[in-house]
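S.K.: Dropping in entry-v6.pdb, which is PDB, C-alpha atoms:
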ATOM      1  CA  MET J   1       0.000   0.000   0.000
ATOM      2  CA  ALA J   2       2.795   2.453   0.850
ATOM      3  CA  GLU J   3       4.487   1.859  -2.517
ATOM      4  CA  ARG J   4       1.286   2.513  -4.445
ATOM      5  CA  ARG J   5       0.645   5.642  -2.403
ATOM      6  CA  SER J   6       4.131   7.071  -3.032
ATOM      7  CA  ALA J   7       3.745   6.435  -6.774
ATOM      8  CA  ARG J   8       0.765   8.796  -6.813
ATOM      9  CA  ILE J   9       2.072  11.415  -4.367
ATOM     10  CA  GLN J  10       5.231  13.359  -5.145
ATOM     11  CA  VAL J  11       6.885  15.677  -2.635
ATOM     12  CA  VAL J  12       7.957  18.970  -4.237
ATOM     13  CA  LYS J  13      11.082  20.706  -2.904
ATOM     14  CA  THR J  14      13.095  23.656  -4.146
ATOM     15  CA  GLU J  15      15.848  25.817  -2.754
ATOM     16  CA  LYS J  16      14.372  28.745  -4.714
ATOM     17  CA  ALA J  17      11.650  29.154  -2.057
ATOM     18  CA  GLY J  18      11.854  29.749   1.662
ATOM     19  CA  PRO J  19      12.335  26.628   3.763
ATOM     20  CA  PRO J  20       9.424  25.052   5.650
ATOM     21  CA  VAL J  21       9.204  26.217   9.266
ATOM     22  CA  GLY J  22       7.919  22.851  10.469
ATOM     23  CA  PRO J  23       7.436  19.206   9.527
ATOM     24  CA  TYR J  24       5.678  19.691   6.203
ATOM     25  CA  SER J  25       6.493  19.726   2.500
ATOM     26  CA  GLN J  26       6.711  22.900   0.420
ATOM     27  CA  GLY J  27       4.373  21.240  -2.022
ATOM     28  CA  ILE J  28       2.714  17.979  -2.963
ATOM     29  CA  LYS J  29       1.902  16.850  -6.490
ATOM     30  CA  ALA J  30      -0.982  14.386  -6.641
ATOM     31  CA  GLY J  31      -4.066  13.613  -8.682
ATOM     32  CA  GLY J  32      -3.277  16.115 -11.426
ATOM     33  CA  PHE J  33      -2.844  18.977  -8.948
ATOM     34  CA  VAL J  34      -0.064  20.738  -7.077
ATOM     35  CA  PHE J  35      -0.820  21.692  -3.487
ATOM     36  CA  VAL J  36       1.506  24.434  -2.252
ATOM     37  CA  ALA J  37       1.725  24.642   1.528
ATOM     38  CA  GLY J  38       1.226  27.980   3.250
ATOM     39  CA  GLU J  39       4.119  30.060   1.985
ATOM     40  CA  LYS J  40       5.458  33.079   3.781
ATOM     41  CA  GLY J  41       7.792  35.848   2.705
ATOM     42  CA  LEU J  42      10.882  33.896   3.718
ATOM     43  CA  ASP J  43      14.030  34.766   1.803
ATOM     44  CA  PRO J  44      15.453  31.472   0.459
ATOM     45  CA  ALA J  45      19.013  32.686   1.151
ATOM     46  CA  THR J  46      18.514  33.717   4.793
ATOM     47  CA  GLY J  47      15.423  31.795   5.879
ATOM     48  CA  LYS J  48      14.066  35.021   7.378
ATOM     49  CA  ILE J  49      11.061  37.193   6.531
ATOM     50  CA  VAL J  50      12.083  39.835   3.988
ATOM     51  CA  PRO J  51      12.079  43.431   5.240
ATOM     52  CA  GLY J  52      10.103  46.196   3.544
ATOM     53  CA  GLY J  53       6.532  45.863   4.719
ATOM     54  CA  ILE J  54       3.510  44.007   3.433
ATOM     55  CA  GLU J  55       4.255  44.681  -0.243
ATOM     56  CA  ALA J  56       7.751  43.164  -0.090
ATOM     57  CA  GLU J  57       6.534  40.278   2.038
ATOM     58  CA  THR J  58       3.635  39.517  -0.318
ATOM     59  CA  ARG J  59       5.933  39.663  -3.358
ATOM     60  CA  ARG J  60       8.434  37.258  -1.755
ATOM     61  CA  THR J  61       5.578  34.973  -0.687
ATOM     62  CA  LEU J  62       4.256  34.800  -4.244
ATOM     63  CA  GLU J  63       7.761  34.299  -5.657
ATOM     64  CA  ASN J  64       8.081  31.335  -3.276
ATOM     65  CA  VAL J  65       4.733  29.958  -4.467
ATOM     66  CA  LYS J  66       5.850  30.437  -8.080
ATOM     67  CA  ALA J  67       9.175  28.623  -7.452
ATOM     68  CA  ILE J  68       7.404  25.631  -5.894
ATOM     69  CA  LEU J  69       4.892  25.447  -8.736
ATOM     70  CA  GLU J  70       7.697  25.580 -11.301
ATOM     71  CA  ALA J  71       9.596  22.836  -9.451
ATOM     72  CA  ALA J  72       6.440  20.726  -9.831
ATOM     73  CA  GLY J  73       6.068  21.515 -13.555
ATOM     74  CA  SER J  74       3.203  23.970 -13.084
ATOM     75  CA  THR J  75       2.818  27.742 -13.351
ATOM     76  CA  MET J  76       0.998  30.637 -11.719
ATOM     77  CA  ASP J  77      -1.380  30.618 -14.711
ATOM     78  CA  LEU J  78      -2.598  27.168 -13.626
ATOM     79  CA  VAL J  79      -3.497  28.198 -10.050
ATOM     80  CA  VAL J  80      -7.180  27.506  -9.407
ATOM     81  CA  SER J  81      -7.496  28.568  -5.768
ATOM     82  CA  THR J  82      -5.585  30.444  -3.084
ATOM     83  CA  PHE J  83      -6.013  31.014   0.631
ATOM     84  CA  VAL J  84      -4.496  34.222   1.997
ATOM     85  CA  PHE J  85      -3.951  34.622   5.720
ATOM     86  CA  MET J  86      -3.079  38.101   7.010
ATOM     87  CA  THR J  87      -2.383  39.414  10.488
ATOM     88  CA  ASP J  88      -3.936  42.809   9.683
ATOM     89  CA  LEU J  89      -6.647  43.282   7.060
ATOM     90  CA  VAL J  90      -6.031  47.034   7.138
ATOM     91  CA  GLU J  91      -3.075  46.129   4.881
ATOM     92  CA  PHE J  92      -5.363  44.221   2.471
ATOM     93  CA  PRO J  93      -5.340  46.878  -0.302
ATOM     94  CA  ARG J  94      -1.511  46.905  -0.390
ATOM     95  CA  MET J  95      -1.297  43.092  -0.354
ATOM     96  CA  ASN J  96      -4.010  42.921  -3.008
ATOM     97  CA  ALA J  97      -2.150  45.299  -5.342
ATOM     98  CA  VAL J  98       0.915  43.017  -5.334
ATOM     99  CA  TYR J  99      -1.249  39.883  -5.594
ATOM    100  CA  ALA J 100      -2.921  41.344  -8.715
ATOM    101  CA  GLU J 101       0.510  41.602 -10.424
ATOM    102  CA  TYR J 102       0.809  37.799 -10.281
ATOM    103  CA  PHE J 103      -2.738  36.969 -11.392
ATOM    104  CA  LYS J 104      -3.551  39.397 -14.214
ATOM    105  CA  ALA J 105      -5.760  37.222 -16.431
ATOM    106  CA  ASN J 106      -8.266  34.736 -15.059
ATOM    107  CA  PRO J 107      -7.326  35.089 -11.375
ATOM    108  CA  PRO J 108      -7.976  32.028  -9.211
ATOM    109  CA  GLY J 109     -10.681  31.726  -6.609
ATOM    110  CA  ARG J 110      -9.466  33.203  -3.333
ATOM    111  CA  THR J 111     -10.321  33.295   0.341
ATOM    112  CA  THR J 112      -8.669  35.929   2.539
ATOM    113  CA  VAL J 113      -8.914  35.916   6.315
ATOM    114  CA  GLU J 114      -7.338  37.762   9.215
ATOM    115  CA  VAL J 115      -5.558  35.670  11.829
ATOM    116  CA  LYS J 116      -4.037  36.589  15.177
ATOM    117  CA  SER J 117      -0.493  35.536  14.216
ATOM    118  CA  LEU J 118       1.507  33.508  11.706
ATOM    119  CA  PRO J 119       4.667  31.390  12.050
ATOM    120  CA  ALA J 120       8.104  32.995  11.702
ATOM    121  CA  GLY J 121       6.671  36.452  12.397
ATOM    122  CA  ALA J 122       5.032  36.597   8.976
ATOM    123  CA  HIS J 123       2.259  39.074   8.211
ATOM    124  CA  VAL J 124       0.953  37.182   5.169
ATOM    125  CA  GLU J 125       0.801  33.507   4.243
ATOM    126  CA  ILE J 126      -0.552  32.085   0.984
ATOM    127  CA  THR J 127      -1.586  28.535   0.142
ATOM    128  CA  ALA J 128      -2.184  27.686  -3.518
ATOM    129  CA  TYR J 129      -3.750  24.819  -5.452
ATOM    130  CA  ALA J 130      -2.880  24.504  -9.140
ATOM    131  CA  LEU J 131      -3.280  22.126 -12.048
ATOM    132  CA  ALA J 132      -0.142  20.020 -12.364
ATOM    133  CA  GLY J 133       0.661  21.147 -15.890
ATOM    134  CA  PRO J 134       0.903  19.642 -19.362
ATOM    135  CA  GLN J 135       3.885  17.278 -18.937
ATOM    136  CA  ARG J 136       1.608  14.401 -17.904
ATOM    137  CA  ARG J 137      -0.313  14.605 -21.168
ATOM    138  CA  ALA J 138       2.875  14.849 -23.212
ATOM    139  CA  ARG J 139       4.197  11.620 -21.678
ATOM    140  CA  ALA J 140       0.882   9.864 -22.285
ATOM    141  CA  ALA J 141       0.890  11.042 -25.922
ATOM    142  CA  GLY J 142       4.447   9.736 -26.315
ATOM    143  CA  ARG J 143       3.400   6.334 -24.995
ATOM    144  CA  ARG J 144       0.517   6.182 -27.487
ATOM    145  CA  GLN J 145       2.856   6.918 -30.409
ATOM    146  CA  ARG J 146       5.282   4.136 -29.419
ATOM    147  CA  ARG J 147       2.602   1.447 -29.360
TER
END
Could you render the structure from this file as structure tokens?

M.R.:
Amino acid sequence: MAERRSARIQVVKTEKAGPPVGPYSQGIKAGGFVFVAGEKGLDPATGKIVPGGIEAETRRTLENVKAILEAAGSTMDLVVSTFVFMTDLVEFPRMNAVYAEYFKANPPGRTTVEVKSLPAGAHVEITAYALAGPQRRARAAGRRQRR
């Protein structure tokens, strides 16, 4: 059972995104989707929240999401849903302006909530679900041609 399960679930890791701050994976690829764990504005080089306020932190958070998606063979254009957690919704318009830069056409569904605090002293955390990307179809098409 464990072997079959691991064949369908792939852990996604990249050094281009901030490291996890606990016992979880940056992302999981399974069932035609990529599930990106709650990313924060952690600088991949230092492992610390980037300075510069909510705009810089949101940008770094989304760059981390993007890096994990790319490591899984997906893209920001294939994101279907996000969950945004913020410690202060007064900063929502500034976070939202940066968020809009990453999702210009056909933005994904989104839920945004205010929380009391976030790990690592973050002020924003974003979880994303995306389609896994076209490489699966390309391999299947290649198999059909060889038969």

S.K.: Using only C-alpha atoms, which residue out of J:Ala72, J:Val36, J:Leu42, J:Ala30 lies closest to Ala122 of chain J?

M.R.: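 Going through J:Ala72, J:Val36, J:Leu42, J:Ala30 one by one, the smallest distance to Ala122 of chain J is for J:Leu42.
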
S.K.: Restricting the calculation to only C-alpha atoms, which member of J:Gly53, J:Gly27, J:Gly121, J:Gly38 is positioned closest to Ala67 of chain J?

M.R.: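 Of J:Gly53, J:Gly27, J:Gly121, J:Gly38, the one nearest Ala67 of chain J is J:Gly27, counting only C-alpha atoms.
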
S.K.: Would you translate the PyMOL selection byres ((chain J and resi 93-107) around 9) into the concrete set of residues it matches in this file, as a PyMOL selection string?

M.R.: chain J and resi 54-59+62+76-77+79-81+89-92+108-110+124

S.K.: One decimal, Å: what's the distance from atom CA of Glu114 of chain J over to atom CA of Glu15 of chain J, could you say?

M.R.: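 If I compute the distance from atom CA of Glu114 of chain J to atom CA of Glu15 of chain J, I get 28.7 Å.
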
S.K.: Between J:His123, J:Lys13, J:Lys40, J:Lys29, which has the minimum distance to Ile68 of chain J (counting all atoms listed in the file)?

M.R.: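 Of all the options, J:Lys13 lies closest to Ile68 of chain J.
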
S.K.: Run through the PyMOL selection byres ((chain J and resi 73) around 9) on the given coordinates and return the selected residues as a JSON list (two decimals) with C-alpha atoms, in the frame of the given file.

M.R.:
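So the final result, stored in result.json, reads:
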[["chain", "number", "residue", "atom", "x", "y", "z"],
["J", 34, "VAL", "CA", -0.06, 20.74, -7.08],
["J", 68, "ILE", "CA", 7.40, 25.63, -5.89],
["J", 69, "LEU", "CA", 4.89, 25.45, -8.74],
["J", 70, "GLU", "CA", 7.70, 25.58, -11.30],
["J", 71, "ALA", "CA", 9.60, 22.84, -9.45],
["J", 72, "ALA", "CA", 6.44, 20.73, -9.83],
["J", 74, "SER", "CA", 3.20, 23.97, -13.08],
["J", 75, "THR", "CA", 2.82, 27.74, -13.35],
["J", 132, "ALA", "CA", -0.14, 20.02, -12.36],
["J", 133, "GLY", "CA", 0.66, 21.15, -15.89],
["J", 134, "PRO", "CA", 0.90, 19.64, -19.36],
["J", 135, "GLN", "CA", 3.88, 17.28, -18.94]]

S.K.: For the structure shown, which residues end up in the PyMOL selection byres ((chain J and resi 118) around 12)? Put them as a PyMOL selection string, please?

M.R.: chain J and resi 21+38-41+49+84-88+113-117+119-126

S.K.: Taking C-alpha atoms for each residue, export the selection above as a compact mmCIF listing (two decimals), in the coordinates of the input.

M.R.:
# COMPACT_ATOMS: atom_id res chain seq x y z
CA VAL J 21 9.20 26.22 9.27
CA GLY J 38 1.23 27.98 3.25
CA GLU J 39 4.12 30.06 1.98
CA LYS J 40 5.46 33.08 3.78
CA GLY J 41 7.79 35.85 2.70
CA ILE J 49 11.06 37.19 6.53
CA VAL J 84 -4.50 34.22 2.00
CA PHE J 85 -3.95 34.62 5.72
CA MET J 86 -3.08 38.10 7.01
CA THR J 87 -2.38 39.41 10.49
CA ASP J 88 -3.94 42.81 9.68
CA VAL J 113 -8.91 35.92 6.32
CA GLU J 114 -7.34 37.76 9.22
CA VAL J 115 -5.56 35.67 11.83
CA LYS J 116 -4.04 36.59 15.18
CA SER J 117 -0.49 35.54 14.22
CA PRO J 119 4.67 31.39 12.05
CA ALA J 120 8.10 32.99 11.70
CA GLY J 121 6.67 36.45 12.40
CA ALA J 122 5.03 36.60 8.98
CA HIS J 123 2.26 39.07 8.21
CA VAL J 124 0.95 37.18 5.17
CA GLU J 125 0.80 33.51 4.24
CA ILE J 126 -0.55 32.08 0.98

S.K.: Can you tell me how far atom CA of Ile28 of chain J sits from atom CA of Leu78 of chain J, in Å to one decimal?

M.R.: 15.0 Å

S.K.: How far is it from atom CA of Val11 of chain J to atom CA of Thr111 of chain J, in Å with one decimal?

M.R.: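 Interatomic distance, atom CA of Val11 of chain J to atom CA of Thr111 of chain J: 24.8 Å.
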
S.K.: In terms of the shortest atom-to-atom distance over all atoms listed in the file, which of J:Gly52, J:Gly31, J:Gly22, J:Gly47 is closest to Asn64 of chain J?

M.R.: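 Checking each of J:Gly52, J:Gly31, J:Gly22, J:Gly47 against Asn64 of chain J, counting all atoms listed in the file, the winner is J:Gly47.
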
S.K.: Kindly indicate which residue among J:Asp43, J:Arg60, J:Lys48, J:Thr127 lies nearest to Gln26 of chain J, using only C-alpha atoms for the distances.

M.R.: J:Thr127

S.K.: Looking at J:Phe83, J:Phe33, J:Ser25, J:Ala17, which one is nearest to Thr61 of chain J, with distances taken over all atoms listed in the file?

M.R.: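 Once distances to Thr61 of chain J are computed over all atoms listed in the file, the minimum belongs to J:Ala17.
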
S.K.: Save segment 22-67 of chain J to disk from that block, N, CA and C atoms included, as a PDB file, in the first residue's frame.

M.R.:
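Result file is part_1.pdb:
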ATOM      1  N   GLY J  22       8.427  23.958   9.673  1.00  0.00           N
ATOM      2  CA  GLY J  22       7.919  22.851  10.469  1.00  0.00           C
ATOM      3  C   GLY J  22       7.986  21.567   9.668  1.00  0.00           C
ATOM      4  N   PRO J  23       7.391  20.507  10.203  1.00  0.00           N
ATOM      5  CA  PRO J  23       7.436  19.206   9.527  1.00  0.00           C
ATOM      6  C   PRO J  23       6.373  19.079   8.434  1.00  0.00           C
ATOM      7  N   TYR J  24       6.590  19.768   7.344  1.00  0.00           N
ATOM      8  CA  TYR J  24       5.678  19.691   6.203  1.00  0.00           C
ATOM      9  C   TYR J  24       6.460  19.911   4.922  1.00  0.00           C
ATOM     10  N   SER J  25       5.857  19.562   3.810  1.00  0.00           N
ATOM     11  CA  SER J  25       6.493  19.726   2.500  1.00  0.00           C
ATOM     12  C   SER J  25       6.127  21.084   1.914  1.00  0.00           C
ATOM     13  N   GLN J  26       7.020  21.655   1.114  1.00  0.00           N
ATOM     14  CA  GLN J  26       6.711  22.900   0.420  1.00  0.00           C
ATOM     15  C   GLN J  26       5.517  22.700  -0.502  1.00  0.00           C
ATOM     16  N   GLY J  27       5.472  21.541  -1.121  1.00  0.00           N
ATOM     17  CA  GLY J  27       4.373  21.240  -2.022  1.00  0.00           C
ATOM     18  C   GLY J  27       4.203  19.742  -2.196  1.00  0.00           C
ATOM     19  N   ILE J  28       3.031  19.375  -2.656  1.00  0.00           N
ATOM     20  CA  ILE J  28       2.714  17.979  -2.963  1.00  0.00           C
ATOM     21  C   ILE J  28       2.048  17.960  -4.334  1.00  0.00           C
ATOM     22  N   LYS J  29       2.508  17.047  -5.171  1.00  0.00           N
ATOM     23  CA  LYS J  29       1.902  16.850  -6.490  1.00  0.00           C
ATOM     24  C   LYS J  29       1.152  15.528  -6.450  1.00  0.00           C
ATOM     25  N   ALA J  30      -0.154  15.596  -6.700  1.00  0.00           N
ATOM     26  CA  ALA J  30      -0.982  14.386  -6.641  1.00  0.00           C
ATOM     27  C   ALA J  30      -2.284  14.606  -7.398  1.00  0.00           C
ATOM     28  N   GLY J  31      -2.764  13.576  -8.040  1.00  0.00           N
ATOM     29  CA  GLY J  31      -4.066  13.613  -8.682  1.00  0.00           C
ATOM     30  C   GLY J  31      -4.243  14.712  -9.708  1.00  0.00           C
ATOM     31  N   GLY J  32      -3.178  15.076 -10.404  1.00  0.00           N
ATOM     32  CA  GLY J  32      -3.277  16.115 -11.426  1.00  0.00           C
ATOM     33  C   GLY J  32      -3.220  17.532 -10.877  1.00  0.00           C
ATOM     34  N   PHE J  33      -2.922  17.665  -9.580  1.00  0.00           N
ATOM     35  CA  PHE J  33      -2.844  18.977  -8.948  1.00  0.00           C
ATOM     36  C   PHE J  33      -1.524  19.146  -8.212  1.00  0.00           C
ATOM     37  N   VAL J  34      -1.177  20.396  -7.954  1.00  0.00           N
ATOM     38  CA  VAL J  34      -0.064  20.738  -7.077  1.00  0.00           C
ATOM     39  C   VAL J  34      -0.655  21.513  -5.912  1.00  0.00           C
ATOM     40  N   PHE J  35      -0.348  21.057  -4.709  1.00  0.00           N
ATOM     41  CA  PHE J  35      -0.820  21.692  -3.487  1.00  0.00           C
ATOM     42  C   PHE J  35       0.372  22.358  -2.822  1.00  0.00           C
ATOM     43  N   VAL J  36       0.397  23.688  -2.846  1.00  0.00           N
ATOM     44  CA  VAL J  36       1.506  24.434  -2.252  1.00  0.00           C
ATOM     45  C   VAL J  36       1.123  24.777  -0.821  1.00  0.00           C
ATOM     46  N   ALA J  37       1.968  24.369   0.109  1.00  0.00           N
ATOM     47  CA  ALA J  37       1.725  24.642   1.528  1.00  0.00           C
ATOM     48  C   ALA J  37       1.768  26.138   1.781  1.00  0.00           C
ATOM     49  N   GLY J  38       1.239  26.564   2.899  1.00  0.00           N
ATOM     50  CA  GLY J  38       1.226  27.980   3.250  1.00  0.00           C
ATOM     51  C   GLY J  38       2.617  28.585   3.179  1.00  0.00           C
ATOM     52  N   GLU J  39       2.827  29.402   2.171  1.00  0.00           N
ATOM     53  CA  GLU J  39       4.119  30.060   1.985  1.00  0.00           C
ATOM     54  C   GLU J  39       4.108  31.428   2.636  1.00  0.00           C
ATOM     55  N   LYS J  40       5.260  31.774   3.160  1.00  0.00           N
ATOM     56  CA  LYS J  40       5.458  33.079   3.781  1.00  0.00           C
ATOM     57  C   LYS J  40       6.533  33.821   3.011  1.00  0.00           C
ATOM     58  N   GLY J  41       6.781  35.041   3.382  1.00  0.00           N
ATOM     59  CA  GLY J  41       7.792  35.848   2.705  1.00  0.00           C
ATOM     60  C   GLY J  41       9.200  35.565   3.182  1.00  0.00           C
ATOM     61  N   LEU J  42       9.544  34.288   3.275  1.00  0.00           N
ATOM     62  CA  LEU J  42      10.882  33.896   3.718  1.00  0.00           C
ATOM     63  C   LEU J  42      11.864  33.983   2.563  1.00  0.00           C
ATOM     64  N   ASP J  43      12.953  34.679   2.774  1.00  0.00           N
ATOM     65  CA  ASP J  43      14.030  34.766   1.803  1.00  0.00           C
ATOM     66  C   ASP J  43      14.718  33.410   1.739  1.00  0.00           C
ATOM     67  N   PRO J  44      14.816  32.789   0.559  1.00  0.00           N
ATOM     68  CA  PRO J  44      15.453  31.472   0.459  1.00  0.00           C
ATOM     69  C   PRO J  44      16.916  31.479   0.921  1.00  0.00           C
ATOM     70  N   ALA J  45      17.603  32.615   0.781  1.00  0.00           N
ATOM     71  CA  ALA J  45      19.013  32.686   1.151  1.00  0.00           C
ATOM     72  C   ALA J  45      19.218  32.780   2.659  1.00  0.00           C
ATOM     73  N   THR J  46      18.328  33.491   3.357  1.00  0.00           N
ATOM     74  CA  THR J  46      18.514  33.717   4.793  1.00  0.00           C
ATOM     75  C   THR J  46      17.557  32.917   5.667  1.00  0.00           C
ATOM     76  N   GLY J  47      16.429  32.486   5.092  1.00  0.00           N
ATOM     77  CA  GLY J  47      15.423  31.795   5.879  1.00  0.00           C
ATOM     78  C   GLY J  47      14.637  32.723   6.788  1.00  0.00           C
ATOM     79  N   LYS J  48      14.766  34.028   6.550  1.00  0.00           N
ATOM     80  CA  LYS J  48      14.066  35.021   7.378  1.00  0.00           C
ATOM     81  C   LYS J  48      13.063  35.803   6.536  1.00  0.00           C
ATOM     82  N   ILE J  49      12.051  36.366   7.213  1.00  0.00           N
ATOM     83  CA  ILE J  49      11.061  37.193   6.531  1.00  0.00           C
ATOM     84  C   ILE J  49      11.774  38.403   5.920  1.00  0.00           C
ATOM     85  N   VAL J  50      11.454  38.698   4.659  1.00  0.00           N
ATOM     86  CA  VAL J  50      12.083  39.835   3.988  1.00  0.00           C
ATOM     87  C   VAL J  50      11.610  41.143   4.634  1.00  0.00           C
ATOM     88  N   PRO J  51      12.494  42.122   4.725  1.00  0.00           N
ATOM     89  CA  PRO J  51      12.079  43.431   5.240  1.00  0.00           C
ATOM     90  C   PRO J  51      11.374  44.228   4.157  1.00  0.00           C
ATOM     91  N   GLY J  52      10.688  45.305   4.544  1.00  0.00           N
ATOM     92  CA  GLY J  52      10.103  46.196   3.544  1.00  0.00           C
ATOM     93  C   GLY J  52       8.598  46.303   3.598  1.00  0.00           C
ATOM     94  N   GLY J  53       7.972  45.699   4.595  1.00  0.00           N
ATOM     95  CA  GLY J  53       6.532  45.863   4.719  1.00  0.00           C
ATOM     96  C   GLY J  53       5.733  44.816   3.969  1.00  0.00           C
ATOM     97  N   ILE J  54       4.431  45.008   3.977  1.00  0.00           N
ATOM     98  CA  ILE J  54       3.510  44.007   3.433  1.00  0.00           C
ATOM     99  C   ILE J  54       3.690  43.794   1.933  1.00  0.00           C
ATOM    100  N   GLU J  55       4.055  44.855   1.201  1.00  0.00           N
ATOM    101  CA  GLU J  55       4.255  44.681  -0.243  1.00  0.00           C
ATOM    102  C   GLU J  55       5.431  43.751  -0.526  1.00  0.00           C
ATOM    103  N   ALA J  56       6.565  43.999   0.127  1.00  0.00           N
ATOM    104  CA  ALA J  56       7.751  43.164  -0.090  1.00  0.00           C
ATOM    105  C   ALA J  56       7.505  41.733   0.380  1.00  0.00           C
ATOM    106  N   GLU J  57       6.810  41.609   1.500  1.00  0.00           N
ATOM    107  CA  GLU J  57       6.534  40.278   2.038  1.00  0.00           C
ATOM    108  C   GLU J  57       5.574  39.497   1.129  1.00  0.00           C
ATOM    109  N   THR J  58       4.574  40.168   0.602  1.00  0.00           N
ATOM    110  CA  THR J  58       3.635  39.517  -0.318  1.00  0.00           C
ATOM    111  C   THR J  58       4.348  39.101  -1.600  1.00  0.00           C
ATOM    112  N   ARG J  59       5.189  39.972  -2.124  1.00  0.00           N
ATOM    113  CA  ARG J  59       5.933  39.663  -3.358  1.00  0.00           C
ATOM    114  C   ARG J  59       6.825  38.438  -3.149  1.00  0.00           C
ATOM    115  N   ARG J  60       7.554  38.398  -2.037  1.00  0.00           N
ATOM    116  CA  ARG J  60       8.434  37.258  -1.755  1.00  0.00           C
ATOM    117  C   ARG J  60       7.599  35.985  -1.555  1.00  0.00           C
ATOM    118  N   THR J  61       6.470  36.115  -0.889  1.00  0.00           N
ATOM    119  CA  THR J  61       5.578  34.973  -0.687  1.00  0.00           C
ATOM    120  C   THR J  61       5.142  34.406  -2.026  1.00  0.00           C
ATOM    121  N   LEU J  62       4.717  35.264  -2.932  1.00  0.00           N
ATOM    122  CA  LEU J  62       4.256  34.800  -4.244  1.00  0.00           C
ATOM    123  C   LEU J  62       5.402  34.288  -5.104  1.00  0.00           C
ATOM    124  N   GLU J  63       6.593  34.839  -4.951  1.00  0.00           N
ATOM    125  CA  GLU J  63       7.761  34.299  -5.657  1.00  0.00           C
ATOM    126  C   GLU J  63       8.073  32.894  -5.141  1.00  0.00           C
ATOM    127  N   ASN J  64       7.885  32.671  -3.838  1.00  0.00           N
ATOM    128  CA  ASN J  64       8.081  31.335  -3.276  1.00  0.00           C
ATOM    129  C   ASN J  64       7.046  30.362  -3.830  1.00  0.00           C
ATOM    130  N   VAL J  65       5.792  30.792  -3.890  1.00  0.00           N
ATOM    131  CA  VAL J  65       4.733  29.958  -4.467  1.00  0.00           C
ATOM    132  C   VAL J  65       5.090  29.614  -5.916  1.00  0.00           C
ATOM    133  N   LYS J  66       5.488  30.625  -6.663  1.00  0.00           N
ATOM    134  CA  LYS J  66       5.850  30.437  -8.080  1.00  0.00           C
ATOM    135  C   LYS J  66       6.999  29.430  -8.227  1.00  0.00           C
ATOM    136  N   ALA J  67       8.027  29.533  -7.381  1.00  0.00           N
ATOM    137  CA  ALA J  67       9.175  28.623  -7.452  1.00  0.00           C
ATOM    138  C   ALA J  67       8.763  27.178  -7.175  1.00  0.00           C
TER     139      ALA J  67
END
